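*Asks:* One structure, as structure tokens, below. Some questions next.
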Amino acid sequence: MNLNLPASGEKWENGAASHTYVRFMSYADRVSLQDVLDFGAAEVSDDSPFGPLEPLRTPLSRGAWVDVAPGWLRAADELFEALCRDVPWHAERRQMYDNIVDVPRLTKFYAADEPWPHPLVDELCRAVSEHYLPTLGEPLVTAGLCLYRDGADSVAWHGDRIGRSRYHDTIVAILSLGSTRTLALRPAGGGASLKFTTGHGDLVVMGGSCQRTWEHAIPKTRDVVGPRISVQFRPAGVR
Ligand SMILES: O=C(O)CCC(=O)C(=O)O
């Protein structure tokens, strides 16, 4: 597989990226009333691109929890290649004290009302939404994508605290594709960190008070690792 991705130190040229939308899906297509009415009736066949969603829960302190479904996405190779190729990845720069620095990863955010880069991303979001609807009471409707080009790419400690997650429990579901990286979690305000492995096709879901009372990060690593993509599904307004 030749993905032709630049390393994190190189300049990212994305002008020539082909970006083919397979079909337009509106928010109404993505999570219809029928989906909600059908909740619980969904069955996963043997040839489904993903398996049955039977995550293992790790309770954390202060009402937070993490669910892990290793290898949930069966069609991980296909989706990884398509997203590497078709997503118009952005290299961002940010003010850090007196300097402007490169954000150490590439990103692309898909809102609820815009076309998403692959129909399987819509399908996966719908499946995760249906599973967590009784807990969350609303669907997951946005897809935030990150591309970590190598071990020097990372995301620093933070909680997703924009929107309802600032004051209320919520759910952020992360699908991982490509190289295995560590998702680290630590209590907000300090404490020992926990490490979750995020491998190709794994789903990790942070729930309860996790975004308010814990922080998460993808630390840099000196190990030689190839690219990893994360697809984060969130409810409306949560970032
Ligand atoms: O890539 C991941 O698994 C985490 C991404 C993340 O925390 C974020 O974009 O807020």
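As shown in the structure tokens, the chain order sets the letters A, B, ...; within each chain, residues go from 1, and ligands are also counted from 1 in the order they appear.
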When you look at Leu106 of chain A with a cut-off of 6 Å (counting only C-alpha atoms), what residues show up, excluding the ones that are within fewer than 5 positions of it in the same chain? I need them as a short mmCIF file (atom, residue, chain, number, x, y, z; two decimals) with N, CA and C atoms, in the first residue's frame.
*Replies:*
data_model
loop_
_atom_site.label_atom_id
_atom_site.label_comp_id
_atom_site.auth_asym_id
_atom_site.auth_seq_id
_atom_site.Cartn_x
_atom_site.Cartn_y
_atom_site.Cartn_z
N TRP A 89 -7.10 16.77 4.02
CA TRP A 89 -6.50 16.98 5.34
C TRP A 89 -5.94 18.39 5.46
N HIS A 90 -6.16 18.98 6.64
CA HIS A 90 -5.66 20.34 6.91
C HIS A 90 -4.45 20.29 7.83
N ALA A 91 -3.43 21.03 7.48
CA ALA A 91 -2.32 21.28 8.42
C ALA A 91 -2.61 22.63 9.06
N CYS A 146 -8.61 12.92 12.67
CA CYS A 146 -7.20 13.29 12.86
C CYS A 146 -6.33 12.30 12.13
N LEU A 147 -5.27 12.78 11.52
CA LEU A 147 -4.26 11.91 10.91
C LEU A 147 -2.92 12.17 11.59
#
*Asks:* With only C-alpha atoms and all ligand atoms counted, collect every polymer residue having an atom within 8 Å of ligand 1; state the result as a ChimeraX atom specification.
*Replies:* /A:144-148,154-155,158-160,174-176,183,198,216-218,229-232,239
*Asks:* Interatomic distance between atom CA of Trp214 of chain A and atom CA of Ala188 of chain A?
*Replies:*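 Atom CA of Ala188 of chain A lies 4.5 Å from atom CA of Trp214 of chain A.
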*Asks:* So, with only C-alpha atoms as the atoms that count, which of A:Arg85, A:Val66, A:Ser129, A:Val141 lies closest to Tyr110 of chain A?
*Replies:*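 Closest candidate: A:Val141.
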*Asks:* Quick one: residues within 9 Å of Asp67 of chain A, only C-alpha atoms, excluding same-chain residues fewer than 2 positions away - as a PyMOL selection string?
*Replies:* chain A and resi 55-59+65+69+173+203-207
*Asks:* Give the helix (DSSP H, G or I) residues of segment 72-233 of chain A, as assigned by DSSP on the backbone, as a PyMOL selection string.
*Replies:* chain A and resi 76-86+119-136+163-166+210-213
*Asks:* Taking only C-alpha atoms into account, name the residue in A:Leu177, A:Val87, A:Leu133, A:Leu73 that is nearest to Pro235 of chain A.
*Replies:*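 The shortest atom-to-atom distance to Pro235 of chain A comes from A:Leu133.
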*Asks:* Which of these, A:Ala152, A:Leu185, A:Leu140, A:Ile162, has the shortest distance to Asp102 of chain A once you count only C-alpha atoms?
*Replies:* A:Ala152
*Asks:* Residues near Val121 of chain A, anyone? I mean within 10 Å using only C-alpha atoms, not counting same-chain ones fewer than 2 positions away, as a list of chain:residue names.
*Replies:*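 Final neighbour list, sorted by chain and number: A:Leu79, A:Leu83, A:Trp116, A:Pro117, A:His118, A:Pro119, A:Glu123, A:Leu124, A:Cys125, A:Arg126, A:Ala127, A:Ala143, A:Leu175, A:Val231, A:Phe233.
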*Asks:* Go ahead and compute the interatomic distance for atom CA of Ser61 of chain A and atom CA of Gly208 of chain A, in Å to one decimal.
*Replies:*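 Going from atom CA of Ser61 of chain A over to atom CA of Gly208 of chain A, I get 10.2 Å.
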*Asks:* Please measure the separation of atom CA of Phe196 of chain A and atom CA of Ala64 of chain A, giving the value in Å to one decimal.
*Replies:*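 Going from atom CA of Phe196 of chain A over to atom CA of Ala64 of chain A, I get 14.7 Å.
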*Asks:* When you look at Arg161 of chain A with a cut-off of 7 Å (counting only C-alpha atoms), what residues show up, excluding the ones that are within fewer than 4 positions of it in the same chain? I need them as a PDB file with C-alpha atoms, in the first residue's frame.
*Replies:*
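Once everything was written out, this is out.pdb:
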ATOM      1  CA  SER A 165     -19.932  18.257  27.678  1.00  0.00           C
ATOM      2  CA  ARG A 166     -18.835  21.253  29.791  1.00  0.00           C
ATOM      3  CA  GLN A 211     -14.837  14.909  29.247  1.00  0.00           C
ATOM      4  CA  ARG A 212     -15.302  17.050  32.396  1.00  0.00           C
ATOM      5  CA  ARG A 239     -16.049  19.600  20.530  1.00  0.00           C
TER       6      ARG A 239
END
*Asks:* I want to know what sits within 7 Å of segment 48-54 of chain A, based on only C-alpha atoms, with residues of the same chain fewer than 3 positions away left out; could you give that as a list in words?
*Replies:*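 Here the answer would be Val44, Ser45, Ala69, Trp72, Leu73, Arg74 and Ala75 of chain A.
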*Asks:* Pull N, CA and C atoms from the residues just selected and write them as a PDB file, in the first residue's frame.
*Replies:*
ATOM      1  N   VAL A  44     -26.451  -7.580  13.012  1.00  0.00           N
ATOM      2  CA  VAL A  44     -25.229  -7.492  12.221  1.00  0.00           C
ATOM      3  C   VAL A  44     -25.016  -8.826  11.536  1.00  0.00           C
ATOM      4  N   SER A  45     -24.970  -8.802  10.185  1.00  0.00           N
ATOM      5  CA  SER A  45     -24.781 -10.062   9.467  1.00  0.00           C
ATOM      6  C   SER A  45     -23.294 -10.377   9.366  1.00  0.00           C
ATOM      7  N   ALA A  69     -14.036  -1.750  22.229  1.00  0.00           N
ATOM      8  CA  ALA A  69     -14.456  -2.861  21.351  1.00  0.00           C
ATOM      9  C   ALA A  69     -13.318  -3.120  20.367  1.00  0.00           C
ATOM     10  N   TRP A  72     -13.517  -3.925  16.161  1.00  0.00           N
ATOM     11  CA  TRP A  72     -14.947  -3.838  15.814  1.00  0.00           C
ATOM     12  C   TRP A  72     -15.160  -3.657  14.305  1.00  0.00           C
ATOM     13  N   LEU A  73     -14.344  -2.804  13.698  1.00  0.00           N
ATOM     14  CA  LEU A  73     -14.507  -2.557  12.258  1.00  0.00           C
ATOM     15  C   LEU A  73     -13.745  -3.614  11.462  1.00  0.00           C
ATOM     16  N   ARG A  74     -14.492  -4.430  10.730  1.00  0.00           N
ATOM     17  CA  ARG A  74     -13.844  -5.480   9.927  1.00  0.00           C
ATOM     18  C   ARG A  74     -13.208  -4.885   8.665  1.00  0.00           C
ATOM     19  N   ALA A  75     -13.845  -3.867   8.099  1.00  0.00           N
ATOM     20  CA  ALA A  75     -13.372  -3.285   6.834  1.00  0.00           C
ATOM     21  C   ALA A  75     -12.373  -2.152   7.095  1.00  0.00           C
TER      22      ALA A  75
END
*Asks:* In terms of the shortest atom-to-atom distance over only C-alpha atoms, which of A:Gly201, A:Gly237, A:Pro227, A:Val103 is closest to Asp77 of chain A?
*Replies:*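 Looking at the shortest contact to Asp77 of chain A, the residue is A:Gly201.
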